[in-house]
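**Student:** Sending over protein.txt (compact mmCIF, N, CA and C atoms).
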# COMPACT_ATOMS: atom_id res chain seq x y z
N MET A 275 3.63 151.41 -135.29
CA MET A 275 3.94 150.00 -135.42
C MET A 275 4.34 149.48 -134.04
N HIS A 276 3.80 148.35 -133.67
CA HIS A 276 4.08 147.74 -132.38
C HIS A 276 5.04 146.57 -132.55
N GLU A 277 5.60 146.15 -131.43
CA GLU A 277 6.54 145.02 -131.45
C GLU A 277 5.92 143.80 -132.13
N SER A 278 4.62 143.62 -131.97
CA SER A 278 3.96 142.46 -132.59
C SER A 278 3.93 142.57 -134.12
N ASP A 279 4.12 143.79 -134.65
CA ASP A 279 4.15 144.00 -136.10
C ASP A 279 5.56 143.84 -136.69
N TYR A 280 6.53 143.62 -135.82
CA TYR A 280 7.93 143.51 -136.24
C TYR A 280 8.10 142.39 -137.25
N ARG A 281 8.82 142.68 -138.32
CA ARG A 281 9.13 141.68 -139.34
C ARG A 281 10.63 141.40 -139.27
N PRO A 282 11.01 140.24 -138.73
CA PRO A 282 12.44 139.95 -138.62
C PRO A 282 13.09 139.87 -140.00
N PRO A 283 14.19 140.58 -140.19
CA PRO A 283 14.87 140.51 -141.49
C PRO A 283 15.66 139.22 -141.64
N ASP A 284 15.94 138.88 -142.88
CA ASP A 284 16.83 137.76 -143.20
C ASP A 284 18.24 138.21 -142.85
N LEU A 285 18.86 137.53 -141.93
CA LEU A 285 20.19 137.92 -141.46
C LEU A 285 21.30 137.03 -142.02
N SER A 286 21.04 136.41 -143.18
CA SER A 286 22.06 135.53 -143.75
C SER A 286 23.24 136.31 -144.32
N LEU A 287 23.07 137.62 -144.54
CA LEU A 287 24.18 138.45 -145.02
C LEU A 287 24.23 139.70 -144.15
N VAL A 288 25.12 139.71 -143.17
CA VAL A 288 25.25 140.84 -142.25
C VAL A 288 26.72 141.06 -141.89
N GLY A 289 26.98 142.23 -141.31
CA GLY A 289 28.29 142.52 -140.76
C GLY A 289 29.42 142.47 -141.77
N ALA A 290 30.54 141.92 -141.35
CA ALA A 290 31.75 141.88 -142.18
C ALA A 290 31.53 141.11 -143.47
N ALA A 291 30.75 140.03 -143.43
CA ALA A 291 30.48 139.26 -144.64
C ALA A 291 29.69 140.09 -145.65
N HIS A 292 28.75 140.88 -145.17
CA HIS A 292 27.96 141.74 -146.04
C HIS A 292 28.88 142.77 -146.72
N ILE A 293 29.71 143.40 -145.93
CA ILE A 293 30.63 144.41 -146.46
C ILE A 293 31.57 143.80 -147.49
N GLN A 294 32.12 142.65 -147.19
CA GLN A 294 33.06 141.99 -148.10
C GLN A 294 32.39 141.67 -149.44
N ARG A 295 31.20 141.07 -149.40
CA ARG A 295 30.51 140.72 -150.66
C ARG A 295 30.14 141.97 -151.45
N TYR A 296 29.73 143.02 -150.76
CA TYR A 296 29.38 144.28 -151.41
C TYR A 296 30.61 144.83 -152.13
N LEU A 297 31.74 144.86 -151.43
CA LEU A 297 32.98 145.38 -152.03
C LEU A 297 33.43 144.52 -153.21
N GLU A 298 33.37 143.21 -153.06
CA GLU A 298 33.82 142.30 -154.11
C GLU A 298 33.00 142.43 -155.39
N THR A 299 31.73 142.78 -155.24
CA THR A 299 30.81 142.77 -156.39
C THR A 299 30.31 144.17 -156.76
N ASP A 300 30.89 145.23 -156.16
CA ASP A 300 30.39 146.60 -156.36
C ASP A 300 28.89 146.67 -156.12
N GLY A 301 28.45 145.96 -155.11
CA GLY A 301 27.05 146.03 -154.70
C GLY A 301 26.10 145.12 -155.44
N ALA A 302 26.59 144.38 -156.45
CA ALA A 302 25.70 143.43 -157.13
C ALA A 302 25.13 142.45 -156.10
N VAL A 303 25.95 142.07 -155.13
CA VAL A 303 25.50 141.31 -153.97
C VAL A 303 25.61 142.24 -152.78
N GLY A 304 24.50 142.51 -152.14
CA GLY A 304 24.52 143.32 -150.92
C GLY A 304 23.89 144.69 -151.02
N HIS A 305 23.74 145.24 -152.24
CA HIS A 305 23.09 146.56 -152.32
C HIS A 305 21.62 146.44 -151.95
N GLU A 306 20.97 145.37 -152.37
CA GLU A 306 19.59 145.15 -151.93
C GLU A 306 19.61 144.10 -150.83
N TRP A 307 18.97 144.42 -149.73
CA TRP A 307 18.94 143.55 -148.56
C TRP A 307 17.55 143.63 -147.95
N ASN A 308 16.84 142.54 -147.89
CA ASN A 308 15.50 142.53 -147.33
C ASN A 308 14.59 143.56 -147.97
N GLY A 309 14.78 143.78 -149.28
CA GLY A 309 13.92 144.69 -150.02
C GLY A 309 14.26 146.15 -149.91
N VAL A 310 15.35 146.49 -149.24
CA VAL A 310 15.77 147.89 -149.11
C VAL A 310 17.20 148.06 -149.60
N PRO A 311 17.57 149.27 -150.01
CA PRO A 311 18.94 149.50 -150.47
C PRO A 311 19.91 149.69 -149.30
N ILE A 312 21.14 149.27 -149.55
CA ILE A 312 22.21 149.36 -148.56
C ILE A 312 23.37 150.15 -149.15
N LEU A 313 23.93 151.02 -148.33
CA LEU A 313 25.18 151.69 -148.71
C LEU A 313 26.25 151.27 -147.72
N LEU A 314 27.50 151.47 -148.12
CA LEU A 314 28.62 151.28 -147.20
C LEU A 314 29.08 152.65 -146.75
N LEU A 315 29.11 152.85 -145.45
CA LEU A 315 29.57 154.11 -144.86
C LEU A 315 30.92 153.86 -144.22
N THR A 316 31.92 154.64 -144.62
CA THR A 316 33.24 154.54 -144.02
C THR A 316 33.50 155.81 -143.24
N THR A 317 33.64 155.64 -141.93
CA THR A 317 33.90 156.75 -141.01
C THR A 317 35.34 156.65 -140.53
N THR A 318 35.77 157.68 -139.82
CA THR A 318 37.08 157.68 -139.16
C THR A 318 36.83 157.37 -137.69
N GLY A 319 37.49 156.33 -137.20
CA GLY A 319 37.32 155.95 -135.79
C GLY A 319 37.66 157.09 -134.86
N ARG A 320 36.77 157.40 -133.94
CA ARG A 320 36.96 158.55 -133.05
C ARG A 320 38.11 158.34 -132.08
N LYS A 321 38.44 157.09 -131.77
CA LYS A 321 39.55 156.78 -130.87
C LYS A 321 40.78 156.33 -131.64
N SER A 322 40.57 155.46 -132.64
CA SER A 322 41.69 154.85 -133.36
C SER A 322 42.20 155.71 -134.50
N GLY A 323 41.32 156.53 -135.08
CA GLY A 323 41.68 157.27 -136.29
C GLY A 323 41.70 156.41 -137.53
N GLU A 324 41.33 155.14 -137.39
CA GLU A 324 41.33 154.18 -138.49
C GLU A 324 39.99 154.20 -139.22
N PRO A 325 39.98 153.86 -140.52
CA PRO A 325 38.70 153.78 -141.23
C PRO A 325 37.86 152.61 -140.72
N ARG A 326 36.56 152.86 -140.58
CA ARG A 326 35.60 151.86 -140.12
C ARG A 326 34.43 151.85 -141.09
N THR A 327 34.08 150.68 -141.60
CA THR A 327 33.01 150.58 -142.60
C THR A 327 31.83 149.81 -142.04
N SER A 328 30.63 150.35 -142.32
CA SER A 328 29.38 149.74 -141.89
C SER A 328 28.44 149.66 -143.09
N ALA A 329 27.65 148.60 -143.15
CA ALA A 329 26.60 148.46 -144.16
C ALA A 329 25.31 148.95 -143.52
N LEU A 330 24.66 149.94 -144.17
CA LEU A 330 23.48 150.58 -143.58
C LEU A 330 22.36 150.71 -144.59
N ILE A 331 21.14 150.53 -144.11
CA ILE A 331 19.96 150.83 -144.91
C ILE A 331 19.96 152.33 -145.18
N TYR A 332 19.57 152.71 -146.40
CA TYR A 332 19.51 154.15 -146.69
C TYR A 332 18.29 154.49 -147.52
N GLY A 333 17.96 155.76 -147.47
CA GLY A 333 16.95 156.35 -148.32
C GLY A 333 17.51 157.63 -148.90
N ARG A 334 16.72 158.27 -149.73
CA ARG A 334 17.17 159.52 -150.37
C ARG A 334 16.19 160.64 -150.04
N HIS A 335 16.73 161.83 -149.95
CA HIS A 335 15.94 163.05 -149.81
C HIS A 335 16.67 164.09 -150.65
N GLY A 336 16.20 164.31 -151.85
CA GLY A 336 16.92 165.18 -152.78
C GLY A 336 18.27 164.55 -153.10
N ARG A 337 19.33 165.34 -152.98
CA ARG A 337 20.69 164.83 -153.22
C ARG A 337 21.25 164.06 -152.02
N ASP A 338 20.62 164.23 -150.87
CA ASP A 338 21.14 163.66 -149.63
C ASP A 338 20.76 162.19 -149.46
N TYR A 339 21.57 161.50 -148.68
CA TYR A 339 21.31 160.13 -148.28
C TYR A 339 20.89 160.16 -146.81
N LEU A 340 19.94 159.33 -146.44
CA LEU A 340 19.45 159.27 -145.07
C LEU A 340 19.76 157.91 -144.47
N VAL A 341 20.31 157.91 -143.27
CA VAL A 341 20.53 156.68 -142.52
C VAL A 341 20.04 156.91 -141.09
N VAL A 342 19.66 155.84 -140.42
CA VAL A 342 19.15 155.95 -139.05
C VAL A 342 20.07 155.17 -138.13
N ALA A 343 20.48 155.81 -137.04
CA ALA A 343 21.39 155.19 -136.07
C ALA A 343 20.56 154.37 -135.08
N SER A 344 20.04 153.24 -135.55
CA SER A 344 19.08 152.48 -134.75
C SER A 344 19.69 151.33 -133.96
N THR A 345 20.56 150.57 -134.57
CA THR A 345 21.10 149.33 -133.99
C THR A 345 19.98 148.49 -133.39
N GLY A 346 18.86 148.44 -134.10
CA GLY A 346 17.74 147.61 -133.67
C GLY A 346 17.09 148.07 -132.38
N GLY A 347 17.35 149.30 -131.97
CA GLY A 347 16.77 149.81 -130.73
C GLY A 347 17.64 149.57 -129.51
N ALA A 348 18.93 149.31 -129.74
CA ALA A 348 19.87 149.12 -128.62
C ALA A 348 19.92 150.39 -127.76
N PRO A 349 20.32 150.26 -126.49
CA PRO A 349 20.32 151.42 -125.60
C PRO A 349 21.39 152.47 -125.92
N ARG A 350 22.41 152.08 -126.69
CA ARG A 350 23.50 153.01 -127.02
C ARG A 350 23.55 153.26 -128.52
N HIS A 351 24.06 154.45 -128.87
CA HIS A 351 24.24 154.78 -130.28
C HIS A 351 25.30 153.84 -130.88
N PRO A 352 25.15 153.52 -132.17
CA PRO A 352 26.16 152.68 -132.82
C PRO A 352 27.48 153.44 -132.95
N ALA A 353 28.58 152.69 -133.01
CA ALA A 353 29.92 153.29 -133.11
C ALA A 353 30.03 154.19 -134.33
N TRP A 354 29.44 153.81 -135.47
CA TRP A 354 29.56 154.63 -136.67
C TRP A 354 28.97 156.02 -136.43
N TYR A 355 27.89 156.10 -135.66
CA TYR A 355 27.27 157.40 -135.37
C TYR A 355 28.18 158.24 -134.47
N LEU A 356 28.76 157.62 -133.46
CA LEU A 356 29.69 158.34 -132.59
C LEU A 356 30.91 158.81 -133.38
N ASN A 357 31.37 157.98 -134.32
CA ASN A 357 32.49 158.38 -135.17
C ASN A 357 32.12 159.61 -136.00
N LEU A 358 30.90 159.64 -136.55
CA LEU A 358 30.47 160.80 -137.35
C LEU A 358 30.35 162.05 -136.50
N GLN A 359 29.96 161.91 -135.24
CA GLN A 359 29.90 163.08 -134.37
C GLN A 359 31.30 163.67 -134.17
N ALA A 360 32.29 162.82 -134.08
CA ALA A 360 33.67 163.29 -133.90
C ALA A 360 34.29 163.75 -135.20
N HIS A 361 33.96 163.08 -136.31
CA HIS A 361 34.53 163.37 -137.63
C HIS A 361 33.40 163.29 -138.65
N PRO A 362 32.71 164.41 -138.93
CA PRO A 362 31.53 164.34 -139.80
C PRO A 362 31.82 164.06 -141.27
N GLU A 363 33.06 164.22 -141.72
CA GLU A 363 33.35 163.88 -143.11
C GLU A 363 33.56 162.38 -143.22
N ALA A 364 32.91 161.78 -144.20
CA ALA A 364 32.97 160.33 -144.37
C ALA A 364 32.87 160.01 -145.85
N GLU A 365 32.91 158.72 -146.16
CA GLU A 365 32.74 158.27 -147.54
C GLU A 365 31.62 157.24 -147.57
N ILE A 366 30.81 157.33 -148.63
CA ILE A 366 29.82 156.29 -148.85
C ILE A 366 30.12 155.61 -150.18
N LYS A 367 29.70 154.37 -150.26
CA LYS A 367 29.78 153.61 -151.50
C LYS A 367 28.37 153.11 -151.77
N VAL A 368 27.84 153.51 -152.90
CA VAL A 368 26.53 153.03 -153.35
C VAL A 368 26.78 152.31 -154.66
N LYS A 369 26.64 151.00 -154.61
CA LYS A 369 27.05 150.12 -155.70
C LYS A 369 28.52 150.40 -155.99
N ALA A 370 28.88 150.86 -157.20
CA ALA A 370 30.30 151.09 -157.52
C ALA A 370 30.74 152.53 -157.27
N GLU A 371 29.81 153.40 -156.92
CA GLU A 371 30.11 154.83 -156.80
C GLU A 371 30.54 155.21 -155.39
N HIS A 372 31.69 155.87 -155.30
CA HIS A 372 32.21 156.40 -154.03
C HIS A 372 31.89 157.90 -153.98
N THR A 373 31.41 158.37 -152.83
CA THR A 373 31.08 159.77 -152.66
C THR A 373 31.53 160.23 -151.29
N THR A 374 32.19 161.38 -151.23
CA THR A 374 32.53 162.00 -149.95
C THR A 374 31.31 162.77 -149.47
N VAL A 375 31.00 162.60 -148.18
CA VAL A 375 29.82 163.25 -147.61
C VAL A 375 30.17 163.94 -146.30
N ILE A 376 29.31 164.88 -145.93
CA ILE A 376 29.36 165.50 -144.61
C ILE A 376 28.08 165.08 -143.90
N ALA A 377 28.23 164.61 -142.68
CA ALA A 377 27.09 164.11 -141.91
C ALA A 377 26.62 165.15 -140.90
N ARG A 378 25.30 165.16 -140.73
CA ARG A 378 24.70 165.96 -139.66
C ARG A 378 23.46 165.22 -139.18
N THR A 379 23.09 165.47 -137.94
CA THR A 379 21.91 164.85 -137.36
C THR A 379 20.73 165.80 -137.52
N ALA A 380 19.65 165.30 -138.09
CA ALA A 380 18.44 166.11 -138.26
C ALA A 380 17.80 166.35 -136.89
N ALA A 381 17.17 167.51 -136.73
CA ALA A 381 16.52 167.86 -135.47
C ALA A 381 15.17 168.52 -135.76
N GLY A 382 14.33 168.55 -134.75
CA GLY A 382 13.07 169.28 -134.82
C GLY A 382 12.15 168.80 -135.93
N ASP A 383 11.52 169.78 -136.62
CA ASP A 383 10.58 169.46 -137.69
C ASP A 383 11.24 168.67 -138.81
N GLU A 384 12.51 169.02 -139.12
CA GLU A 384 13.20 168.29 -140.18
C GLU A 384 13.32 166.81 -139.80
N ARG A 385 13.66 166.53 -138.55
CA ARG A 385 13.79 165.13 -138.13
C ARG A 385 12.46 164.40 -138.28
N ARG A 386 11.38 165.05 -137.86
CA ARG A 386 10.06 164.42 -137.97
C ARG A 386 9.72 164.09 -139.43
N ARG A 387 10.00 165.01 -140.34
CA ARG A 387 9.74 164.75 -141.77
C ARG A 387 10.61 163.61 -142.29
N LEU A 388 11.90 163.64 -141.94
CA LEU A 388 12.81 162.61 -142.43
C LEU A 388 12.54 161.26 -141.77
N TRP A 389 12.08 161.27 -140.51
CA TRP A 389 11.70 160.02 -139.84
C TRP A 389 10.57 159.35 -140.61
N ASP A 390 9.60 160.14 -141.06
CA ASP A 390 8.49 159.58 -141.84
C ASP A 390 8.99 158.95 -143.13
N ILE A 391 9.98 159.57 -143.76
CA ILE A 391 10.57 158.98 -144.97
C ILE A 391 11.25 157.66 -144.62
N ALA A 392 12.04 157.67 -143.53
CA ALA A 392 12.79 156.48 -143.13
C ALA A 392 11.86 155.32 -142.77
N THR A 393 10.80 155.59 -142.03
CA THR A 393 9.89 154.50 -141.67
C THR A 393 9.06 154.05 -142.86
N GLY A 394 9.00 154.89 -143.89
CA GLY A 394 8.34 154.48 -145.12
C GLY A 394 9.09 153.38 -145.84
N TYR A 395 10.43 153.44 -145.81
CA TYR A 395 11.20 152.39 -146.47
C TYR A 395 11.62 151.27 -145.52
N TRP A 396 11.61 151.50 -144.19
CA TRP A 396 11.94 150.44 -143.23
C TRP A 396 11.05 150.63 -142.01
N PRO A 397 9.82 150.08 -142.05
CA PRO A 397 8.87 150.27 -140.94
C PRO A 397 9.38 149.78 -139.59
N ASN A 398 10.32 148.86 -139.58
CA ASN A 398 10.85 148.36 -138.30
C ASN A 398 11.49 149.47 -137.47
N TYR A 399 11.86 150.61 -138.06
CA TYR A 399 12.43 151.70 -137.26
C TYR A 399 11.47 152.11 -136.15
N ASP A 400 10.16 152.10 -136.42
CA ASP A 400 9.20 152.45 -135.36
C ASP A 400 9.28 151.45 -134.21
N VAL A 401 9.45 150.16 -134.52
CA VAL A 401 9.59 149.15 -133.49
C VAL A 401 10.89 149.38 -132.72
N TYR A 402 11.97 149.64 -133.45
CA TYR A 402 13.26 149.88 -132.79
C TYR A 402 13.16 151.06 -131.84
N GLN A 403 12.46 152.13 -132.25
CA GLN A 403 12.32 153.30 -131.38
C GLN A 403 11.60 152.92 -130.09
N GLY A 404 10.63 152.02 -130.19
CA GLY A 404 9.91 151.58 -129.00
C GLY A 404 10.73 150.74 -128.05
N ARG A 405 11.86 150.25 -128.50
CA ARG A 405 12.72 149.39 -127.67
C ARG A 405 13.72 150.18 -126.83
N THR A 406 13.82 151.48 -127.05
CA THR A 406 14.86 152.26 -126.37
C THR A 406 14.32 153.61 -125.92
N SER A 407 14.97 154.17 -124.91
CA SER A 407 14.57 155.50 -124.44
C SER A 407 15.31 156.60 -125.21
N ARG A 408 16.37 156.24 -125.96
CA ARG A 408 17.08 157.27 -126.72
C ARG A 408 16.32 157.56 -128.01
N GLN A 409 16.37 158.81 -128.44
CA GLN A 409 15.77 159.13 -129.74
C GLN A 409 16.73 158.64 -130.82
N LEU A 410 16.21 157.83 -131.74
CA LEU A 410 17.05 157.31 -132.81
C LEU A 410 17.40 158.44 -133.77
N PRO A 411 18.69 158.72 -133.93
CA PRO A 411 19.10 159.81 -134.82
C PRO A 411 18.85 159.49 -136.29
N VAL A 412 18.32 160.48 -136.99
CA VAL A 412 18.23 160.43 -138.45
C VAL A 412 19.41 161.25 -138.94
N VAL A 413 20.30 160.60 -139.68
CA VAL A 413 21.53 161.24 -140.14
C VAL A 413 21.42 161.56 -141.60
N VAL A 414 21.72 162.82 -141.91
CA VAL A 414 21.71 163.30 -143.29
C VAL A 414 23.16 163.29 -143.78
N LEU A 415 23.40 162.57 -144.87
CA LEU A 415 24.72 162.50 -145.49
C LEU A 415 24.66 163.31 -146.77
N SER A 416 25.29 164.48 -146.77
CA SER A 416 25.23 165.39 -147.92
C SER A 416 26.52 165.27 -148.71
N PRO A 417 26.40 164.99 -150.03
CA PRO A 417 27.60 164.93 -150.87
C PRO A 417 28.36 166.26 -150.82
N VAL A 418 29.67 166.16 -150.81
CA VAL A 418 30.52 167.35 -150.77
C VAL A 418 30.64 167.90 -152.18
Would you mind writing the structure in this file as C-alpha cells?
**Tutor:**
Amino acid sequence: MHESDYRPPDLSLVGAAHIQRYLETDGAVGHEWNGVPILLLTTTGRKSGEPRTSALIYGRHGRDYLVVASTGGAPRHPAWYLNLQAHPEAEIKVKAEHTTVIARTAAGDERRRLWDIATGYWPNYDVYQGRTSRQLPVVVLSPV
C-alpha cells in the first residue's frame, strides 16, 4: 500500500475523549472505530509509575490480542510501547471485560505473520511503515 492509497480515519473520537466515552459506556461507544475494534490498554508509566491508558486498534490471534506501535508512522515509538518495555504486565479493557496481560514484541517470522494479520484489519499500517525508518512493533498481549 502506498501513501496515495491512505484512507484518512474519522478523528472525531480520539485521545482522552475516546477513552472517556469508552469507559462511560463499557465500549458501547468507542469499541468500534472506523470499522475496526478498539481496546483500552493501561500500562504503568516507565518514569512516573502512574497508570496510563491508550485506546488502540486490535486484532486477535488465538487467545492473544495484537496491537501495533505505529503512531501513524511517527519517528519515535509511542509512550505506551516504551512503558510496556519497562513493565510488560498491563491491563486491557475490551468492552466491559478487564484482562491482565503480559506484553511481548513479536520478532522474525512470527512478526511477519502477525504483521499480515494486522494489515488485514488496518491496511494503513503499511502506509505508516513507509513513513518511518523504524520497524513498527507488533505487540502480542497474552492474557495471564
**Student:** Quick one: of A:Lys367, A:Arg405, A:Arg337, A:Arg320, who's nearest to Val418 in chain A, counting only C-alpha atoms?
**Tutor:** A:Arg337
**Student:** In Å to one decimal, how far is atom C of Ser416 in chain A from atom N of Val310 in chain A?
**Tutor:**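 If I compute the distance from atom N of Val310 in chain A to atom C of Ser416 in chain A, I get 21.9 Å.
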**Student:** I need the residue nearest Leu314 in chain A from this list: A:Leu358, A:Ile331, A:Val413, A:Leu285. Use only N, CA and C atoms for the distance.
**Tutor:** A:Ile331
**Student:** Apply DSSP to the structure's backbone, then extract all residues of range 289-381 of chain A labelled strand (DSSP E) and return them as a VMD selection string.
**Tutor:** chain A and resid 306 to 307 310 to 318 325 to 331 333 to 335 338 to 342 363 to 368 371 to 379
**Student:** Hey, can you check how far atom C of Arg350 in chain A sits from CA of Arg408 in chain A?
**Tutor:** 7.8 Å
**Student:** List as a ChimeraX atom specification the residues having at least one atom at most 5 Å from position (13.7, 162.3, -138.9) as given in the file, counting all atoms listed in the file.
**Tutor:** /A:384-389,412
**Student:** Determine which residues of chain A DSSP labels as alpha helix (DSSP H) from the backbone of this structure, then write them out as a ChimeraX atom specification.
**Tutor:** /A:289-299,353-360,382-395,398-404
**Student:** Between A:Val341, A:Ala370, A:Thr327, A:Gly347, which residue has the minimum interatomic distance to Val303 in chain A, considering only C-alpha atoms?
**Tutor:**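 Closest to Val303 in chain A of all the choices is A:Ala370.
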**Student:** Can you measure atom C of Ser328 in chain A to atom N of Pro283 in chain A for me? One decimal in Å is fine.
**Tutor:**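 Between these atoms lies a distance of 17.1 Å.
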**Student:** Could you list, as a list in words, every residue within 7 Å of Leu340 in chain A, counting all atoms listed in the file and ignoring same-chain residues fewer than 2 positions away?
**Tutor:** Ile331, Tyr332, Gly333, Arg334, His335, Asp338, Val342, Val412, Val413, Val414 and Leu415 of chain A
**Student:** Can you spit out the residues from that selection as a JSON list (two decimals), keeping the file's coordinate frame, using N, CA and C atoms?
**Tutor:**
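What follows is the written file out09.json:
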[["chain", "number", "residue", "atom", "x", "y", "z"],
["A", 331, "ILE", "N", 21.14, 150.53, -144.11],
["A", 331, "ILE", "CA", 19.96, 150.83, -144.91],
["A", 331, "ILE", "C", 19.96, 152.33, -145.18],
["A", 332, "TYR", "N", 19.57, 152.71, -146.40],
["A", 332, "TYR", "CA", 19.51, 154.15, -146.69],
["A", 332, "TYR", "C", 18.29, 154.49, -147.52],
["A", 333, "GLY", "N", 17.96, 155.76, -147.47],
["A", 333, "GLY", "CA", 16.95, 156.35, -148.32],
["A", 333, "GLY", "C", 17.51, 157.63, -148.90],
["A", 334, "ARG", "N", 16.72, 158.27, -149.73],
["A", 334, "ARG", "CA", 17.17, 159.52, -150.37],
["A", 334, "ARG", "C", 16.19, 160.64, -150.04],
["A", 335, "HIS", "N", 16.73, 161.83, -149.95],
["A", 335, "HIS", "CA", 15.94, 163.05, -149.81],
["A", 335, "HIS", "C", 16.67, 164.09, -150.65],
["A", 338, "ASP", "N", 20.62, 164.23, -150.87],
["A", 338, "ASP", "CA", 21.14, 163.66, -149.63],
["A", 338, "ASP", "C", 20.76, 162.19, -149.46],
["A", 342, "VAL", "N", 19.66, 155.84, -140.42],
["A", 342, "VAL", "CA", 19.15, 155.95, -139.05],
["A", 342, "VAL", "C", 20.07, 155.17, -138.13],
["A", 412, "VAL", "N", 18.32, 160.48, -136.99],
["A", 412, "VAL", "CA", 18.23, 160.43, -138.45],
["A", 412, "VAL", "C", 19.41, 161.25, -138.94],
["A", 413, "VAL", "N", 20.30, 160.60, -139.68],
["A", 413, "VAL", "CA", 21.53, 161.24, -140.14],
["A", 413, "VAL", "C", 21.42, 161.56, -141.60],
["A", 414, "VAL", "N", 21.72, 162.82, -141.91],
["A", 414, "VAL", "CA", 21.71, 163.30, -143.29],
["A", 414, "VAL", "C", 23.16, 163.29, -143.78],
["A", 415, "LEU", "N", 23.40, 162.57, -144.87],
["A", 415, "LEU", "CA", 24.72, 162.50, -145.49],
["A", 415, "LEU", "C", 24.66, 163.31, -146.77]]
**Student:** With all atoms listed in the file as the counted atoms, please give the residues lying no more than 8 Å from Ile293 in chain A, apart from itself and same-chain residues fewer than 3 positions off, as a list in words.
**Tutor:**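 Listed by chain and then number, they are Leu287, Val288, Gly289, Ala290, Tyr296, Leu297, Glu298, Thr299, Gly304, Leu314, Thr327, Ser328 and Ala329 of chain A.
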**Student:** Could the residues in this selection be written to a file with N, CA and C atoms, as a PDB file, keeping the file's coordinate frame?
**Tutor:**
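See selection-v8.pdb below for the written result:
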ATOM      1  N   LEU A 287      23.070 137.620-144.540  1.00  0.00           N
ATOM      2  CA  LEU A 287      24.180 138.450-145.020  1.00  0.00           C
ATOM      3  C   LEU A 287      24.230 139.700-144.150  1.00  0.00           C
ATOM      4  N   VAL A 288      25.120 139.710-143.170  1.00  0.00           N
ATOM      5  CA  VAL A 288      25.250 140.840-142.250  1.00  0.00           C
ATOM      6  C   VAL A 288      26.720 141.060-141.890  1.00  0.00           C
ATOM      7  N   GLY A 289      26.980 142.230-141.310  1.00  0.00           N
ATOM      8  CA  GLY A 289      28.290 142.520-140.760  1.00  0.00           C
ATOM      9  C   GLY A 289      29.420 142.470-141.770  1.00  0.00           C
ATOM     10  N   ALA A 290      30.540 141.920-141.350  1.00  0.00           N
ATOM     11  CA  ALA A 290      31.750 141.880-142.180  1.00  0.00           C
ATOM     12  C   ALA A 290      31.530 141.110-143.470  1.00  0.00           C
ATOM     13  N   TYR A 296      29.730 143.020-150.760  1.00  0.00           N
ATOM     14  CA  TYR A 296      29.380 144.280-151.410  1.00  0.00           C
ATOM     15  C   TYR A 296      30.610 144.830-152.130  1.00  0.00           C
ATOM     16  N   LEU A 297      31.740 144.860-151.430  1.00  0.00           N
ATOM     17  CA  LEU A 297      32.980 145.380-152.030  1.00  0.00           C
ATOM     18  C   LEU A 297      33.430 144.520-153.210  1.00  0.00           C
ATOM     19  N   GLU A 298      33.370 143.210-153.060  1.00  0.00           N
ATOM     20  CA  GLU A 298      33.820 142.300-154.110  1.00  0.00           C
ATOM     21  C   GLU A 298      33.000 142.430-155.390  1.00  0.00           C
ATOM     22  N   THR A 299      31.730 142.780-155.240  1.00  0.00           N
ATOM     23  CA  THR A 299      30.810 142.770-156.390  1.00  0.00           C
ATOM     24  C   THR A 299      30.310 144.170-156.760  1.00  0.00           C
ATOM     25  N   GLY A 304      24.500 142.510-152.140  1.00  0.00           N
ATOM     26  CA  GLY A 304      24.520 143.320-150.920  1.00  0.00           C
ATOM     27  C   GLY A 304      23.890 144.690-151.020  1.00  0.00           C
ATOM     28  N   LEU A 314      27.500 151.470-148.120  1.00  0.00           N
ATOM     29  CA  LEU A 314      28.620 151.280-147.200  1.00  0.00           C
ATOM     30  C   LEU A 314      29.080 152.650-146.750  1.00  0.00           C
ATOM     31  N   THR A 327      34.080 150.680-141.600  1.00  0.00           N
ATOM     32  CA  THR A 327      33.010 150.580-142.600  1.00  0.00           C
ATOM     33  C   THR A 327      31.830 149.810-142.040  1.00  0.00           C
ATOM     34  N   SER A 328      30.630 150.350-142.320  1.00  0.00           N
ATOM     35  CA  SER A 328      29.380 149.740-141.890  1.00  0.00           C
ATOM     36  C   SER A 328      28.440 149.660-143.090  1.00  0.00           C
ATOM     37  N   ALA A 329      27.650 148.600-143.150  1.00  0.00           N
ATOM     38  CA  ALA A 329      26.600 148.460-144.160  1.00  0.00           C
ATOM     39  C   ALA A 329      25.310 148.950-143.520  1.00  0.00           C
TER      40      ALA A 329
END
**Student:** From the list A:Leu330, A:Gly346, A:Ile312, A:Asp383, which residue is nearest Val401 in chain A when using all atoms listed in the file?
**Tutor:** A:Gly346
**Student:** So for range 298-301 of chain A, what box centre and size do we get, axis-aligned, 5 Å extra on each of the six sides, every listed atom, Å to one decimal, as lines of an AutoDock Vina configuration file?
**Tutor:**
center_x = 30.0
center_y = 144.5
center_z = -154.9
size_x = 17.7
size_y = 14.4
size_z = 13.7
**Student:** Neighbours of Leu356 in chain A within 9 Å (only C-alpha atoms; same-chain residues fewer than 5 positions away dropped), as a list in words?
**Tutor:**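 Close residues of Leu356 in chain A: Gly319, Arg320, His351 and His361 of chain A.
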**Student:** Of the candidates A:Asp390, A:Glu365, A:Asp284, A:Asp300, which shows the shortest atom-to-atom distance to Leu315 in chain A, using only N, CA and C atoms?
**Tutor:**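 Of the candidates, the smallest distance to Leu315 in chain A is held by A:Glu365.
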**Student:** Applying 8 Å and all atoms listed in the file, which residues near Thr345 in chain A remain after dropping the ones on its own chain fewer than 6 positions away? List them as an MDAnalysis selection string.
**Tutor:** chainID A and resid 351:352 402 410
**Student:** Using only N, CA and C atoms for the distances, tell me which of A:Asn308, A:Thr316, A:Gln403, A:Gln294 is nearest to Trp354 in chain A.
**Tutor:**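 Ranked by minimum distance to Trp354 in chain A, first place goes to A:Thr316.
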